[in-house]
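What follows is the content of final-v2.txt, which has compact mmCIF, N, CA and C atoms:
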# COMPACT_ATOMS: atom_id res chain seq x y z
N MET R 1 -63.44 -39.45 18.68
CA MET R 1 -63.32 -39.59 20.12
C MET R 1 -61.99 -40.24 20.50
N ARG R 2 -61.61 -41.23 19.72
CA ARG R 2 -60.37 -41.93 19.99
C ARG R 2 -59.18 -40.99 19.84
N ASN R 3 -59.25 -40.06 18.90
CA ASN R 3 -58.15 -39.10 18.71
C ASN R 3 -57.99 -38.19 19.92
N TYR R 4 -59.11 -37.79 20.53
CA TYR R 4 -59.04 -36.93 21.71
C TYR R 4 -58.39 -37.67 22.88
N ILE R 5 -58.73 -38.92 23.02
CA ILE R 5 -58.13 -39.72 24.09
C ILE R 5 -56.64 -39.87 23.85
N LEU R 6 -56.25 -40.10 22.61
CA LEU R 6 -54.84 -40.24 22.28
C LEU R 6 -54.08 -38.93 22.54
N ILE R 7 -54.68 -37.81 22.17
CA ILE R 7 -54.04 -36.51 22.41
C ILE R 7 -53.90 -36.27 23.91
N PHE R 8 -54.91 -36.59 24.68
CA PHE R 8 -54.86 -36.42 26.13
C PHE R 8 -53.75 -37.27 26.74
N ILE R 9 -53.64 -38.51 26.30
CA ILE R 9 -52.60 -39.41 26.83
C ILE R 9 -51.22 -38.89 26.47
N MET R 10 -51.03 -38.42 25.25
CA MET R 10 -49.73 -37.88 24.84
C MET R 10 -49.37 -36.64 25.64
N ALA R 11 -50.32 -35.74 25.84
CA ALA R 11 -50.06 -34.53 26.61
C ALA R 11 -49.71 -34.87 28.05
N PHE R 12 -50.43 -35.80 28.63
CA PHE R 12 -50.17 -36.22 30.01
C PHE R 12 -48.78 -36.85 30.12
N THR R 13 -48.41 -37.67 29.18
CA THR R 13 -47.11 -38.34 29.18
C THR R 13 -45.98 -37.34 29.06
N LEU R 14 -46.10 -36.39 28.15
CA LEU R 14 -45.04 -35.39 27.97
C LEU R 14 -44.87 -34.52 29.21
N THR R 15 -45.96 -34.14 29.82
CA THR R 15 -45.89 -33.35 31.04
C THR R 15 -45.24 -34.15 32.16
N GLY R 16 -45.56 -35.40 32.26
CA GLY R 16 -44.97 -36.26 33.29
C GLY R 16 -43.48 -36.42 33.12
N CYS R 17 -43.00 -36.51 31.89
CA CYS R 17 -41.57 -36.67 31.64
C CYS R 17 -40.80 -35.42 32.03
N ALA R 18 -41.38 -34.25 31.81
CA ALA R 18 -40.69 -33.01 32.16
C ALA R 18 -40.48 -32.92 33.66
N GLY R 19 -41.45 -33.34 34.43
CA GLY R 19 -41.32 -33.31 35.88
C GLY R 19 -40.35 -34.35 36.39
N THR R 20 -40.20 -35.44 35.67
CA THR R 20 -39.31 -36.52 36.09
C THR R 20 -37.85 -36.07 36.07
N VAL R 21 -37.46 -35.25 35.11
CA VAL R 21 -36.07 -34.79 35.04
C VAL R 21 -35.71 -34.02 36.31
N GLU R 22 -36.59 -33.15 36.77
CA GLU R 22 -36.32 -32.40 38.00
C GLU R 22 -36.29 -33.33 39.20
N ASN R 23 -37.16 -34.34 39.22
CA ASN R 23 -37.16 -35.29 40.33
C ASN R 23 -35.87 -36.09 40.38
N VAL R 24 -35.36 -36.46 39.23
CA VAL R 24 -34.11 -37.22 39.16
C VAL R 24 -32.97 -36.38 39.73
N LYS R 25 -32.95 -35.09 39.45
CA LYS R 25 -31.90 -34.22 39.95
C LYS R 25 -31.86 -34.18 41.47
N SER R 26 -32.98 -34.41 42.11
CA SER R 26 -33.02 -34.31 43.56
C SER R 26 -32.51 -35.57 44.27
N TRP R 27 -32.43 -36.71 43.57
CA TRP R 27 -32.00 -37.92 44.28
C TRP R 27 -30.77 -38.59 43.69
N VAL R 28 -30.19 -38.03 42.64
CA VAL R 28 -28.99 -38.63 42.06
C VAL R 28 -27.81 -38.41 43.01
N PRO R 29 -27.17 -39.47 43.46
CA PRO R 29 -26.02 -39.30 44.36
C PRO R 29 -24.79 -38.80 43.60
N SER R 30 -24.02 -37.96 44.26
CA SER R 30 -22.81 -37.45 43.63
C SER R 30 -21.69 -38.48 43.77
N PHE R 31 -20.63 -38.26 43.02
CA PHE R 31 -19.49 -39.17 43.03
C PHE R 31 -18.37 -38.61 43.90
N TRP R 32 -17.37 -39.43 44.11
CA TRP R 32 -16.20 -39.07 44.92
C TRP R 32 -15.58 -37.80 44.40
N ASP R 33 -15.17 -36.93 45.32
CA ASP R 33 -14.46 -35.71 44.97
C ASP R 33 -13.39 -35.50 46.02
N ASP R 34 -12.13 -35.42 45.57
CA ASP R 34 -11.01 -35.30 46.51
C ASP R 34 -11.10 -34.02 47.33
N GLN R 35 -11.50 -32.92 46.71
CA GLN R 35 -11.58 -31.64 47.43
C GLN R 35 -12.64 -31.68 48.53
N GLN R 36 -13.80 -32.21 48.20
CA GLN R 36 -14.86 -32.32 49.20
C GLN R 36 -14.46 -33.26 50.32
N SER R 37 -13.81 -34.33 49.98
CA SER R 37 -13.40 -35.31 50.99
C SER R 37 -12.41 -34.69 51.97
N GLU R 38 -11.46 -33.94 51.44
CA GLU R 38 -10.49 -33.29 52.32
C GLU R 38 -11.17 -32.24 53.20
N ARG R 39 -12.06 -31.46 52.61
CA ARG R 39 -12.69 -30.38 53.36
C ARG R 39 -13.66 -30.89 54.42
N ILE R 40 -14.33 -32.00 54.17
CA ILE R 40 -15.26 -32.51 55.18
C ILE R 40 -14.49 -33.00 56.41
N VAL R 41 -13.28 -33.51 56.20
CA VAL R 41 -12.44 -33.89 57.33
C VAL R 41 -11.97 -32.64 58.08
N ASP R 42 -11.66 -31.57 57.33
CA ASP R 42 -11.30 -30.29 57.97
C ASP R 42 -12.47 -29.77 58.82
N ILE R 43 -13.69 -29.91 58.31
CA ILE R 43 -14.88 -29.48 59.05
C ILE R 43 -15.01 -30.29 60.33
N ARG R 44 -14.83 -31.57 60.20
CA ARG R 44 -14.95 -32.45 61.38
C ARG R 44 -13.89 -32.12 62.42
N LEU R 45 -12.66 -31.89 61.96
CA LEU R 45 -11.57 -31.54 62.87
C LEU R 45 -11.82 -30.19 63.54
N ALA R 46 -12.30 -29.21 62.77
CA ALA R 46 -12.57 -27.88 63.35
C ALA R 46 -13.66 -27.97 64.42
N ALA R 47 -14.66 -28.81 64.20
CA ALA R 47 -15.72 -28.98 65.21
C ALA R 47 -15.15 -29.62 66.47
N ARG R 48 -14.22 -30.54 66.32
CA ARG R 48 -13.62 -31.21 67.48
C ARG R 48 -12.67 -30.28 68.24
N ARG R 49 -12.15 -29.26 67.57
CA ARG R 49 -11.19 -28.34 68.21
C ARG R 49 -11.86 -27.18 68.95
N ILE R 50 -13.16 -27.12 68.93
CA ILE R 50 -13.87 -26.07 69.67
C ILE R 50 -13.91 -26.47 71.14
N HIS R 51 -13.45 -25.56 71.98
CA HIS R 51 -13.45 -25.79 73.42
C HIS R 51 -14.26 -24.69 74.08
N CYS R 52 -15.27 -25.08 74.82
CA CYS R 52 -16.20 -24.13 75.42
C CYS R 52 -15.53 -23.17 76.41
N ASP R 53 -14.48 -23.60 77.05
CA ASP R 53 -13.83 -22.76 78.05
C ASP R 53 -12.68 -21.93 77.47
N SER R 54 -12.48 -21.99 76.18
CA SER R 54 -11.39 -21.26 75.55
C SER R 54 -11.76 -19.80 75.31
N PRO R 55 -10.84 -18.89 75.57
CA PRO R 55 -11.12 -17.48 75.24
C PRO R 55 -11.16 -17.23 73.72
N GLU R 56 -10.62 -18.17 72.95
CA GLU R 56 -10.63 -18.04 71.49
C GLU R 56 -11.78 -18.79 70.84
N ILE R 57 -12.85 -19.02 71.56
CA ILE R 57 -13.95 -19.80 71.00
C ILE R 57 -14.53 -19.13 69.75
N GLY R 58 -14.56 -17.81 69.73
CA GLY R 58 -15.05 -17.11 68.54
C GLY R 58 -14.22 -17.44 67.31
N ALA R 59 -12.91 -17.45 67.47
CA ALA R 59 -12.02 -17.79 66.35
C ALA R 59 -12.16 -19.26 65.96
N GLN R 60 -12.36 -20.12 66.93
CA GLN R 60 -12.54 -21.54 66.62
C GLN R 60 -13.82 -21.77 65.82
N VAL R 61 -14.89 -21.10 66.21
CA VAL R 61 -16.15 -21.23 65.48
C VAL R 61 -16.02 -20.60 64.11
N GLN R 62 -15.27 -19.50 63.99
CA GLN R 62 -15.07 -18.85 62.69
C GLN R 62 -14.29 -19.77 61.74
N THR R 63 -13.34 -20.50 62.25
CA THR R 63 -12.60 -21.46 61.42
C THR R 63 -13.56 -22.53 60.88
N LEU R 64 -14.43 -23.02 61.75
CA LEU R 64 -15.43 -23.99 61.31
C LEU R 64 -16.34 -23.38 60.25
N ARG R 65 -16.79 -22.15 60.48
CA ARG R 65 -17.65 -21.45 59.52
C ARG R 65 -16.95 -21.33 58.16
N ASP R 66 -15.67 -20.97 58.16
CA ASP R 66 -14.92 -20.82 56.91
C ASP R 66 -14.87 -22.13 56.13
N HIS R 67 -14.62 -23.24 56.83
CA HIS R 67 -14.56 -24.54 56.16
C HIS R 67 -15.93 -24.93 55.58
N ILE R 68 -16.98 -24.68 56.34
CA ILE R 68 -18.33 -25.01 55.86
C ILE R 68 -18.69 -24.14 54.66
N ASP R 69 -18.39 -22.85 54.73
CA ASP R 69 -18.69 -21.96 53.60
C ASP R 69 -17.93 -22.38 52.35
N TRP R 70 -16.66 -22.76 52.52
CA TRP R 70 -15.87 -23.21 51.37
C TRP R 70 -16.52 -24.45 50.75
N PHE R 71 -16.89 -25.40 51.59
CA PHE R 71 -17.49 -26.64 51.11
C PHE R 71 -18.77 -26.34 50.33
N LEU R 72 -19.63 -25.50 50.88
CA LEU R 72 -20.89 -25.19 50.22
C LEU R 72 -20.68 -24.46 48.91
N LEU R 73 -19.79 -23.47 48.90
CA LEU R 73 -19.53 -22.72 47.66
C LEU R 73 -18.93 -23.63 46.58
N TYR R 74 -18.00 -24.45 46.97
CA TYR R 74 -17.38 -25.38 46.02
C TYR R 74 -18.42 -26.34 45.45
N SER R 75 -19.22 -26.92 46.32
CA SER R 75 -20.22 -27.91 45.90
C SER R 75 -21.30 -27.27 45.03
N GLU R 76 -21.77 -26.10 45.43
CA GLU R 76 -22.78 -25.42 44.63
C GLU R 76 -22.22 -25.01 43.26
N SER R 77 -20.95 -24.66 43.22
CA SER R 77 -20.31 -24.28 41.95
C SER R 77 -20.20 -25.45 40.99
N LYS R 78 -20.12 -26.66 41.53
CA LYS R 78 -20.03 -27.84 40.67
C LYS R 78 -21.35 -28.17 40.00
N GLY R 79 -22.46 -27.67 40.53
CA GLY R 79 -23.75 -27.88 39.88
C GLY R 79 -24.69 -28.77 40.67
N TRP R 80 -25.82 -29.06 40.04
CA TRP R 80 -26.90 -29.78 40.71
C TRP R 80 -26.52 -31.20 41.12
N GLN R 81 -25.48 -31.76 40.51
CA GLN R 81 -25.08 -33.12 40.87
C GLN R 81 -24.61 -33.22 42.32
N GLN R 82 -24.31 -32.08 42.93
CA GLN R 82 -23.80 -32.07 44.30
C GLN R 82 -24.89 -31.76 45.33
N ASN R 83 -26.15 -31.76 44.91
CA ASN R 83 -27.25 -31.42 45.82
C ASN R 83 -27.29 -32.30 47.06
N ASP R 84 -26.89 -33.56 46.91
CA ASP R 84 -26.96 -34.46 48.06
C ASP R 84 -26.02 -34.02 49.18
N VAL R 85 -24.78 -33.65 48.84
CA VAL R 85 -23.84 -33.24 49.88
C VAL R 85 -24.14 -31.84 50.39
N VAL R 86 -24.69 -31.00 49.53
CA VAL R 86 -25.09 -29.66 49.98
C VAL R 86 -26.17 -29.79 51.05
N ARG R 87 -27.13 -30.69 50.82
CA ARG R 87 -28.20 -30.89 51.80
C ARG R 87 -27.66 -31.46 53.11
N LEU R 88 -26.55 -32.16 53.07
CA LEU R 88 -25.94 -32.68 54.31
C LEU R 88 -25.26 -31.58 55.12
N VAL R 89 -24.65 -30.63 54.42
CA VAL R 89 -23.82 -29.63 55.10
C VAL R 89 -24.61 -28.38 55.49
N GLU R 90 -25.69 -28.08 54.79
CA GLU R 90 -26.47 -26.88 55.12
C GLU R 90 -26.96 -26.85 56.57
N PRO R 91 -27.43 -27.96 57.15
CA PRO R 91 -27.83 -27.89 58.57
C PRO R 91 -26.68 -27.52 59.50
N MET R 92 -25.46 -27.93 59.16
CA MET R 92 -24.30 -27.55 59.96
C MET R 92 -24.11 -26.04 59.92
N SER R 93 -24.31 -25.47 58.76
CA SER R 93 -24.18 -24.02 58.60
C SER R 93 -25.19 -23.30 59.49
N GLU R 94 -26.41 -23.81 59.56
CA GLU R 94 -27.44 -23.21 60.41
C GLU R 94 -27.08 -23.35 61.89
N THR R 95 -26.53 -24.48 62.27
CA THR R 95 -26.12 -24.70 63.65
C THR R 95 -25.02 -23.73 64.04
N VAL R 96 -24.04 -23.57 63.15
CA VAL R 96 -22.92 -22.66 63.43
C VAL R 96 -23.42 -21.21 63.48
N GLU R 97 -24.38 -20.88 62.64
CA GLU R 97 -24.93 -19.52 62.65
C GLU R 97 -25.53 -19.18 64.02
N GLY R 98 -26.29 -20.12 64.58
CA GLY R 98 -26.85 -19.90 65.91
C GLY R 98 -25.77 -19.77 66.98
N PHE R 99 -24.73 -20.56 66.83
CA PHE R 99 -23.59 -20.52 67.74
C PHE R 99 -22.93 -19.14 67.68
N GLU R 100 -22.68 -18.65 66.46
CA GLU R 100 -22.03 -17.34 66.28
C GLU R 100 -22.88 -16.21 66.86
N GLU R 101 -24.19 -16.29 66.68
CA GLU R 101 -25.08 -15.26 67.20
C GLU R 101 -25.02 -15.20 68.73
N ARG R 102 -24.99 -16.37 69.36
CA ARG R 102 -24.91 -16.41 70.83
C ARG R 102 -23.58 -15.85 71.32
N ILE R 103 -22.50 -16.19 70.64
CA ILE R 103 -21.18 -15.70 71.05
C ILE R 103 -21.12 -14.18 70.89
N ALA R 104 -21.58 -13.68 69.75
CA ALA R 104 -21.54 -12.24 69.49
C ALA R 104 -22.47 -11.47 70.43
N GLY R 105 -23.60 -12.06 70.78
CA GLY R 105 -24.56 -11.39 71.65
C GLY R 105 -24.25 -11.49 73.13
N GLY R 106 -23.25 -12.25 73.47
CA GLY R 106 -22.89 -12.41 74.87
C GLY R 106 -23.84 -13.32 75.64
N LYS R 107 -24.73 -14.01 74.96
CA LYS R 107 -25.68 -14.92 75.61
C LYS R 107 -25.17 -16.35 75.50
N PHE R 108 -23.98 -16.53 75.97
CA PHE R 108 -23.27 -17.78 75.80
C PHE R 108 -23.04 -18.43 77.16
N SER R 109 -23.43 -19.68 77.28
CA SER R 109 -23.23 -20.38 78.55
C SER R 109 -22.55 -21.72 78.26
N PRO R 110 -21.88 -22.28 79.25
CA PRO R 110 -21.25 -23.59 79.06
C PRO R 110 -22.23 -24.68 78.66
N ALA R 111 -23.44 -24.64 79.21
CA ALA R 111 -24.45 -25.65 78.87
C ALA R 111 -24.86 -25.52 77.40
N TYR R 112 -25.08 -24.29 76.95
CA TYR R 112 -25.43 -24.05 75.55
C TYR R 112 -24.31 -24.55 74.64
N CYS R 113 -23.08 -24.23 75.01
CA CYS R 113 -21.93 -24.65 74.21
C CYS R 113 -21.84 -26.17 74.13
N ALA R 114 -22.04 -26.85 75.24
CA ALA R 114 -21.97 -28.31 75.24
C ALA R 114 -23.04 -28.93 74.35
N ILE R 115 -24.24 -28.36 74.39
CA ILE R 115 -25.33 -28.87 73.55
C ILE R 115 -25.01 -28.65 72.08
N LYS R 116 -24.57 -27.43 71.74
CA LYS R 116 -24.24 -27.12 70.34
C LYS R 116 -23.10 -27.99 69.84
N LEU R 117 -22.10 -28.19 70.67
CA LEU R 117 -20.97 -29.04 70.26
C LEU R 117 -21.42 -30.47 70.00
N GLY R 118 -22.31 -30.97 70.84
CA GLY R 118 -22.83 -32.33 70.62
C GLY R 118 -23.56 -32.43 69.29
N ILE R 119 -24.37 -31.43 68.99
CA ILE R 119 -25.10 -31.40 67.71
C ILE R 119 -24.13 -31.30 66.55
N LEU R 120 -23.17 -30.38 66.66
CA LEU R 120 -22.19 -30.21 65.57
C LEU R 120 -21.37 -31.47 65.33
N GLN R 121 -20.96 -32.12 66.38
CA GLN R 121 -20.15 -33.32 66.19
C GLN R 121 -20.96 -34.45 65.56
N THR R 122 -22.22 -34.56 65.92
CA THR R 122 -23.09 -35.55 65.27
C THR R 122 -23.27 -35.21 63.80
N GLN R 123 -23.53 -33.95 63.51
CA GLN R 123 -23.70 -33.53 62.11
C GLN R 123 -22.44 -33.75 61.30
N THR R 124 -21.28 -33.38 61.85
CA THR R 124 -20.04 -33.53 61.09
C THR R 124 -19.69 -35.00 60.90
N ASP R 125 -19.93 -35.82 61.90
CA ASP R 125 -19.65 -37.26 61.77
C ASP R 125 -20.52 -37.88 60.67
N THR R 126 -21.80 -37.54 60.68
CA THR R 126 -22.73 -38.08 59.69
C THR R 126 -22.36 -37.62 58.28
N ALA R 127 -22.07 -36.33 58.14
CA ALA R 127 -21.72 -35.79 56.82
C ALA R 127 -20.41 -36.40 56.32
N ALA R 128 -19.43 -36.54 57.19
CA ALA R 128 -18.15 -37.12 56.78
C ALA R 128 -18.32 -38.56 56.33
N GLU R 129 -19.12 -39.31 57.05
CA GLU R 129 -19.37 -40.70 56.67
C GLU R 129 -20.00 -40.77 55.28
N ALA R 130 -20.95 -39.91 55.02
CA ALA R 130 -21.63 -39.91 53.71
C ALA R 130 -20.71 -39.44 52.60
N VAL R 131 -19.98 -38.36 52.82
CA VAL R 131 -19.12 -37.81 51.76
C VAL R 131 -17.96 -38.76 51.48
N LEU R 132 -17.37 -39.31 52.51
CA LEU R 132 -16.23 -40.22 52.30
C LEU R 132 -16.67 -41.60 51.83
N GLY R 133 -17.93 -41.94 51.97
CA GLY R 133 -18.42 -43.24 51.57
C GLY R 133 -18.86 -43.33 50.12
N ARG R 134 -18.72 -42.24 49.38
CA ARG R 134 -19.13 -42.26 47.96
C ARG R 134 -18.07 -42.96 47.11
N TYR R 135 -18.49 -43.37 45.91
CA TYR R 135 -17.56 -44.02 44.97
C TYR R 135 -17.10 -43.05 43.92
Starting from the file, lay out its structure as structure tokens.
Amino acid sequence: MRNYILIFIMAFTLTGCAGTVENVKSWVPSFWDDQQSERIVDIRLAARRIHCDSPEIGAQVQTLRDHIDWFLLYSESKGWQQNDVVRLVEPMSETVEGFEERIAGGKFSPAYCAIKLGILQTQTDTAAEAVLGRY
């Protein structure tokens, strides 16, 4: 009987350790990266350069999209250690996607633009603070 209990405990322990490795990957903070730091400032600047009354708003949003896509591709290419910054920037990508759809569909209003810009600027400020605050 004691052997069965020992086998059960060993099996439970080994299974628990396997799950722990995946859990660690989800919360390990990434380290400083010069490329990411430069690009997050570019993202922040591109968000600040969007003007709702500009006839080039589509191009301004596309510039922001390009910077975000570069950041995500670069970070994902570096591996799972960058999951923390990827999770910070992905919501910005979703916000920009909605913005692009409205511009392309012609369902664009100054009020919508002001709301989206407020959200984007909050997201970019938060992400920049986190990315630039790493060691």
Pick out each residue of stretch 78-108 of chain R that DSSP on the backbone tags as alpha helix (DSSP H); I need them as a ChimeraX atom specification. /R:78,83-105
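The residue set within 8 Å of stretch 101-103 of chain R, counting all atoms listed in the file and dropping same-chain residues fewer than 5 places from it, reads R:Ile57, R:Gly58, R:Thr95, R:Val96, R:Phe108, R:Ser109.
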What's around stretch 70-75 of chain R at 7 Å? Count only C-alpha atoms, leave out sequence neighbours fewer than 6 positions away in its own chain, and write the answer as number ranges by chain. R: 36, 39, 82, 86
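Separating atom N of R:Ala128 from atom N of R:Gly106 is a distance of 29.5 Å.
Checking R:Tyr112, R:Tyr135, R:Lys78, R:Asn83 one by one against R:Asp53, counting only C-alpha atoms, you find the shortest gap at R:Tyr112.
Distance-wise, atom C of R:Asp33 and atom C of R:Gln60 end up 24.1 Å apart.
Atom pair atom CA of R:Leu64 / atom C of R:Lys107: separated by 18.8 Å.
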Hey, which bits of stretch 84-126 of chain R sit within 6.5 Å of stretch 40-48 of chain R, and for each residue what's the closest pair of atoms and how far apart in Å (one decimal), counting only N, CA and C atoms, rows by chain and increasing number, as CSV?
residue,atom,partner,partner_atom,distance
R:Leu120,C,R:Ala47,CA,6.2
R:Gln121,N,R:Ala47,CA,6.2
R:Thr124,CA,R:Arg44,CA,5.2
R:Asp125,N,R:Arg44,CA,6.0
Using only C-alpha atoms, which of R:Asp69, R:Asp34, R:Glu129, R:Glu56 sits nearest R:Pro91? R:Asp69
Where's the centre, and what are the edge lengths in Å to one decimal, of a box along x, y and z enclosing all listed atoms of stretch 37-53 of chain R padded 5 Å per side, as JSON?
{"center_x": -13.3, "center_y": -28.6, "center_z": 64.0, "size_x": 15.7, "size_y": 23.4, "size_z": 38.1}
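For the residues R:Glu76, R:Gln35, R:Gln123, R:Leu132, ranking by smallest atom-to-atom distance to R:Leu88 using only N, CA and C atoms places R:Gln123 first.
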